[in-house]
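Q: Once you've had a glance at the structure underneath, I'll fire off some questions.
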Amino acid sequence: MGKAPGDLEFRRVAETFSSLERITARTQLTLVLVKLLKDTPVDVIDKVVYLIQGKLGPDWKGIPELGVGEKYLVKAVASAYRVSEDTVTKLFKSEGDLGEVAERLCRQQQGRGAGLAAFMAGGQRRLTVSRVFDTLLKIAYAEGEGSRDVKIRYTASLLVDAEPLEAKYIVRFIEGRLRVGVGDATILDALAVAYGGGAHARPVVERAYNLRADLGLVARMIASEGLDSLARITPIVGVPIRPMLAERGRDAREILDKVGGRAIVEFKYDGERAQIHKDGDRVVIFSRRLEDITFRYPDVVEMAKSGLKAEKAIVEGEIVAFDPETGELRPFQELMHRKRKHEVDKAVKEIPVKVFLFDALYSDGVDLTVKPLPERRRVLEDIVVESDTWTIASYTTTESPGDLDNFFLEAVAEGAEGVMVKAVHSESFYTAGIRGWLWVKYKRDYRSEMIDTVDLVVVGAFYGKGKRGGKLSSLLMAAYDPKTDTFKTVCKMATGFTDEELDKMNEMLKPHIIKHKHPRVESKMKPDVWIEPVYVAEVLGAELTLSPIHTCGLDRVKPGAGVSIRFPRFIRWRDDKRPEDATTEDEVVEMYRRQLKKIEEEAVEQV
Ligand code: ATP
């Protein structure tokens, strides 16, 4: 059963944002969202979902940034509420939140009766979701000469007709600081409950999201055509598929056991992941984050055109830089030269690349994501025409830990990071994210007791003392738990930052400071300030330990204790990762167990 078409008052969205902001438990977030989604007419449900995400569409569509900086926003607020820019700036300085300033000024103006007078005269109109969303789109797409004024005018036009609460969230949205605390997983849960009949519908909703990477579209489909329409979704060339990811493993025998005994083992290349879509002469390349990176790889576009026999296909591989003089593979940083548009032509010549293909997701009408890996590989080998720079990733098939270790050494000797061990059993389907030991990465050791670096999310921060007084100088870091869509603390990290990095970090974090613990964060420790979980950092530690003050792995190894990292050290920011791509709680617990096992084994050897 479809829902009635129509629009929705924006006020309803603003009120939901306001209640979401006060919630501190994740389950309540879902309930509030379910209610909003149920009340939303189908015609605007996609827009409502994008607004909740703080976006105007899926990232891969490349919708321009709104481009209304703080200065323009101050101008728009001043003009909407007929006060001087100076007044707005002063209030902003004292309150620290432009959204709240807009809310206050809007309320004052209503108090003065101006809003009421305008309303009586037919001047003020109720804001609808469509009007707000479409105006935001116009702001984003305004470009060229005079666009600055156009952006300010559109912003002010919304604020003039807004109620105070609406003004607050419009301003925050434009600033990119919505902070309603809802992740994709919560929206998926809410859609399953609101339109799929309950939590049992979640896998179907999630698969649709994996194949379309567009939550607005998924919401619109389920609300208008029901759950069945989602169950029928198959890949479309040109629409990115959310990538499959790997667990990490440390021991050849253990890894083989986990993947079911037998595996395809491939080199793990250190480059940039590419999902390559081909339709005749048209080729589009998506990154691991599903951004369109076609412009950076004109050479790969040509390779795909001549190197795929299928008319329409989606394949995946790793793009790796190599040294044209020696033919040796180069580290992934070399590819960064291709980031700047005007340097691409030069970089294509100076830093040539090879592509190592490892999967096929679609080929001429066949959805391969639902086929086991051996079948996908067979299709890949059928459709790929290899050349010097366009080849299938080196691999072997094995059930022997000894062979796996030998292949690992071979891979490292040839410049790979290690190997990827992939399940080949009857359920080894292509599934987004990390699922049930289907892919396992087995990498070179880092020179440290700790097996590997981890990628953790900043959820809080502490002020420093002495030279670092007044500055945020240590961070409360958390791992991600995909089962509950929450972030659980692992350690407090204070080392590894240069003074310069510390300054940059303070600037970066400032806009993300929030008044209370984020609802998706679970923490026993109370930092000086809470930080919205947006930034991911790579962290190296001395070892893993049990700790009563951290919530990651709480009660899993020992009652009352979580798993923590000793002497954590900042390595670098991982801007290419979303918080949901951080190391998971399960991985941290697994790393602890492995460390324990290693210590026990060493003790036995000594005896
Ligand atoms: P890292 O371990 O370097 O932090 P990551 O966290 O970005 O990597 P992982 O899930 O750990 O990503 O490793 C998977 C990545 O390895 C893939 O996203 C892909 O880019 C790369 N890769 C290299 N070779 C292969 C291969 N043969 N099969 C699958 N992925 C590969």
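Residues in the structure tokens are named by chain (A, B, ... in the order shown) and by number from 1 within that chain; ligands are numbered from 1 in the order shown.
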What lies within 7 Å of Glu9 in chain A using only C-alpha atoms, ignoring chain neighbours under 3 positions off, as a list of chain:residue names?
A: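 In the requested format, the answer is A:Arg12, A:Leu127, A:Thr128, A:Val129.
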Q: Next, the residues of the selection above should be written as a PDB file, in the first residue's frame with N, CA and C atoms.
A:
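Below is the file selection-v6.pdb, written as the result:
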ATOM      1  N   ARG A  12       7.462  20.294  11.067  1.00  0.00           N
ATOM      2  CA  ARG A  12       7.457  18.922  11.601  1.00  0.00           C
ATOM      3  C   ARG A  12       8.894  18.355  11.632  1.00  0.00           C
ATOM      4  N   LEU A 127       6.565  27.309   5.753  1.00  0.00           N
ATOM      5  CA  LEU A 127       7.598  26.607   4.989  1.00  0.00           C
ATOM      6  C   LEU A 127       7.228  25.138   4.839  1.00  0.00           C
ATOM      7  N   THR A 128       7.390  24.644   3.641  1.00  0.00           N
ATOM      8  CA  THR A 128       7.195  23.204   3.432  1.00  0.00           C
ATOM      9  C   THR A 128       8.561  22.573   3.187  1.00  0.00           C
ATOM     10  N   VAL A 129       8.603  21.246   3.310  1.00  0.00           N
ATOM     11  CA  VAL A 129       9.853  20.530   3.052  1.00  0.00           C
ATOM     12  C   VAL A 129      10.321  20.811   1.620  1.00  0.00           C
TER      13      VAL A 129
END
Q: Can you tell me which residues sit at most 10 Å away from ligand 1, counting only C-alpha atoms and all ligand atoms, written as a ChimeraX atom specification?
A: /A:243-248,264-275,287-289,316-320,332,356-359,392-395,416-422,433-434,439-443,452-455,538,574,576-577,581-583
Q: Ala321 in chain A: which residues within 6 Å, counting only C-alpha atoms, same-chain residues fewer than 3 positions away excluded, as a list in words?
A: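 My list of contacting residues is Arg330, Pro352 and Val353 of chain A.
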Q: Using all heavy atoms, can you write the selected residues to a file as a PDB file, in the first residue's frame?
A:
ATOM      1  N   ARG A 330      54.542   1.290  -6.586  1.00  0.00           N
ATOM      2  CA  ARG A 330      54.847   2.411  -5.695  1.00  0.00           C
ATOM      3  C   ARG A 330      53.761   2.509  -4.618  1.00  0.00           C
ATOM      4  O   ARG A 330      52.620   2.091  -4.842  1.00  0.00           O
ATOM      5  CB  ARG A 330      54.893   3.724  -6.489  1.00  0.00           C
ATOM      6  CG  ARG A 330      55.790   3.693  -7.702  1.00  0.00           C
ATOM      7  CD  ARG A 330      57.254   3.758  -7.355  1.00  0.00           C
ATOM      8  NE  ARG A 330      57.545   4.880  -6.485  1.00  0.00           N
ATOM      9  CZ  ARG A 330      58.424   4.852  -5.482  1.00  0.00           C
ATOM     10  NH1 ARG A 330      59.089   3.744  -5.217  1.00  0.00           N
ATOM     11  NH2 ARG A 330      58.638   5.917  -4.755  1.00  0.00           N
ATOM     12  N   PRO A 352      52.427   6.643 -13.871  1.00  0.00           N
ATOM     13  CA  PRO A 352      51.507   5.727 -14.536  1.00  0.00           C
ATOM     14  C   PRO A 352      50.936   4.723 -13.541  1.00  0.00           C
ATOM     15  O   PRO A 352      51.501   4.519 -12.466  1.00  0.00           O
ATOM     16  CB  PRO A 352      52.390   5.040 -15.578  1.00  0.00           C
ATOM     17  CG  PRO A 352      53.779   5.221 -15.114  1.00  0.00           C
ATOM     18  CD  PRO A 352      53.830   6.426 -14.247  1.00  0.00           C
ATOM     19  N   VAL A 353      49.809   4.139 -13.899  1.00  0.00           N
ATOM     20  CA  VAL A 353      49.185   3.179 -12.973  1.00  0.00           C
ATOM     21  C   VAL A 353      48.887   1.849 -13.656  1.00  0.00           C
ATOM     22  O   VAL A 353      48.770   1.775 -14.874  1.00  0.00           O
ATOM     23  CB  VAL A 353      47.854   3.728 -12.391  1.00  0.00           C
ATOM     24  CG1 VAL A 353      48.089   4.953 -11.538  1.00  0.00           C
ATOM     25  CG2 VAL A 353      46.834   4.020 -13.486  1.00  0.00           C
TER      26      VAL A 353
END
Q: Of the residues A:Glu21, A:Glu163, A:Glu145, A:Glu225, which is the one nearest to Val42 in chain A, using only C-alpha atoms?
A: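 Closest candidate: A:Glu225.
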Q: Might you pull out every residue within 12 Å of Glu399 in chain A, with only C-alpha atoms counted and same-chain residues fewer than 2 positions away left off, and present them as a PyMOL selection string?
A: chain A and resi 252-265+396-397+401-405+421-424
Q: If you keep N, CA, C and O atoms, can you produce a file of those selected residues as a CSV table (one decimal), in the first residue's frame?
A:
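Everything below was put into again-v1.csv:
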chain,number,residue,atom,x,y,z
A,252,ALA,N,47.7,-17.9,9.7
A,252,ALA,CA,47.2,-18.5,8.4
A,252,ALA,C,46.2,-19.6,8.7
A,252,ALA,O,45.1,-19.6,8.1
A,253,ARG,N,46.5,-20.4,9.7
A,253,ARG,CA,45.6,-21.6,10.0
A,253,ARG,C,44.2,-21.0,10.5
A,253,ARG,O,43.2,-21.5,10.0
A,254,GLU,N,44.3,-20.1,11.4
A,254,GLU,CA,43.1,-19.5,11.9
A,254,GLU,C,42.2,-18.8,10.9
A,254,GLU,O,41.0,-19.0,10.8
A,255,ILE,N,42.9,-18.1,9.9
A,255,ILE,CA,42.2,-17.5,8.9
A,255,ILE,C,41.5,-18.5,8.0
A,255,ILE,O,40.3,-18.3,7.7
A,256,LEU,N,42.2,-19.5,7.6
A,256,LEU,CA,41.6,-20.5,6.7
A,256,LEU,C,40.4,-21.2,7.4
A,256,LEU,O,39.4,-21.4,6.8
A,257,ASP,N,40.5,-21.4,8.7
A,257,ASP,CA,39.4,-22.0,9.5
A,257,ASP,C,38.2,-21.1,9.4
A,257,ASP,O,37.1,-21.5,9.1
A,258,LYS,N,38.4,-19.8,9.6
A,258,LYS,CA,37.3,-18.9,9.7
A,258,LYS,C,36.6,-18.8,8.3
A,258,LYS,O,35.4,-18.6,8.3
A,259,VAL,N,37.4,-18.8,7.2
A,259,VAL,CA,36.7,-18.7,5.9
A,259,VAL,C,36.1,-20.0,5.4
A,259,VAL,O,35.6,-20.1,4.3
A,260,GLY,N,36.3,-21.1,6.2
A,260,GLY,CA,35.6,-22.3,5.8
A,260,GLY,C,36.6,-23.3,5.2
A,260,GLY,O,36.2,-24.2,4.5
A,261,GLY,N,37.9,-23.2,5.5
A,261,GLY,CA,38.9,-24.2,5.1
A,261,GLY,C,39.6,-23.9,3.8
A,261,GLY,O,40.8,-24.0,3.7
A,262,ARG,N,38.9,-23.6,2.8
A,262,ARG,CA,39.5,-23.4,1.4
A,262,ARG,C,39.3,-21.9,1.1
A,262,ARG,O,38.2,-21.3,1.4
A,263,ALA,N,40.3,-21.4,0.3
A,263,ALA,CA,40.1,-19.9,0.0
A,263,ALA,C,40.8,-19.6,-1.3
A,263,ALA,O,41.8,-20.2,-1.7
A,264,ILE,N,40.3,-18.5,-1.9
A,264,ILE,CA,41.1,-17.8,-2.9
A,264,ILE,C,42.0,-16.8,-2.2
A,264,ILE,O,41.4,-16.0,-1.4
A,265,VAL,N,43.3,-16.8,-2.4
A,265,VAL,CA,44.1,-15.8,-1.8
A,265,VAL,C,44.7,-14.9,-2.8
A,265,VAL,O,45.3,-15.4,-3.8
A,396,THR,N,46.0,-17.4,-5.7
A,396,THR,CA,46.2,-18.8,-5.6
A,396,THR,C,45.0,-19.4,-4.9
A,396,THR,O,44.3,-18.6,-4.2
A,397,THR,N,44.7,-20.6,-5.1
A,397,THR,CA,43.6,-21.2,-4.3
A,397,THR,C,44.2,-22.3,-3.4
A,397,THR,O,45.0,-23.1,-3.9
A,401,PRO,N,47.7,-23.9,5.3
A,401,PRO,CA,48.3,-22.7,5.9
A,401,PRO,C,49.7,-22.4,5.5
A,401,PRO,O,50.1,-21.3,5.3
A,402,GLY,N,50.5,-23.5,5.2
A,402,GLY,CA,51.9,-23.4,4.7
A,402,GLY,C,51.9,-22.6,3.4
A,402,GLY,O,52.6,-21.7,3.1
A,403,ASP,N,51.0,-23.1,2.4
A,403,ASP,CA,50.9,-22.4,1.1
A,403,ASP,C,50.5,-21.0,1.3
A,403,ASP,O,51.0,-20.1,0.6
A,404,LEU,N,49.6,-20.8,2.2
A,404,LEU,CA,49.1,-19.4,2.4
A,404,LEU,C,50.3,-18.5,2.9
A,404,LEU,O,50.5,-17.4,2.3
A,405,ASP,N,51.1,-19.0,3.8
A,405,ASP,CA,52.2,-18.2,4.3
A,405,ASP,C,53.2,-17.9,3.2
A,405,ASP,O,53.8,-16.8,3.1
A,421,VAL,N,42.4,-13.0,1.9
A,421,VAL,CA,42.0,-14.3,1.9
A,421,VAL,C,40.5,-14.3,1.8
A,421,VAL,O,39.8,-13.7,2.6
A,422,LYS,N,39.9,-15.0,0.7
A,422,LYS,CA,38.5,-14.9,0.5
A,422,LYS,C,37.8,-16.2,0.5
A,422,LYS,O,38.3,-17.2,-0.2
A,423,ALA,N,36.7,-16.3,1.2
A,423,ALA,CA,35.9,-17.5,1.2
A,423,ALA,C,35.4,-17.9,-0.2
A,423,ALA,O,35.1,-17.0,-1.0
A,424,VAL,N,35.3,-19.2,-0.4
A,424,VAL,CA,34.8,-19.6,-1.7
A,424,VAL,C,33.5,-20.5,-1.6
A,424,VAL,O,33.1,-21.1,-2.5
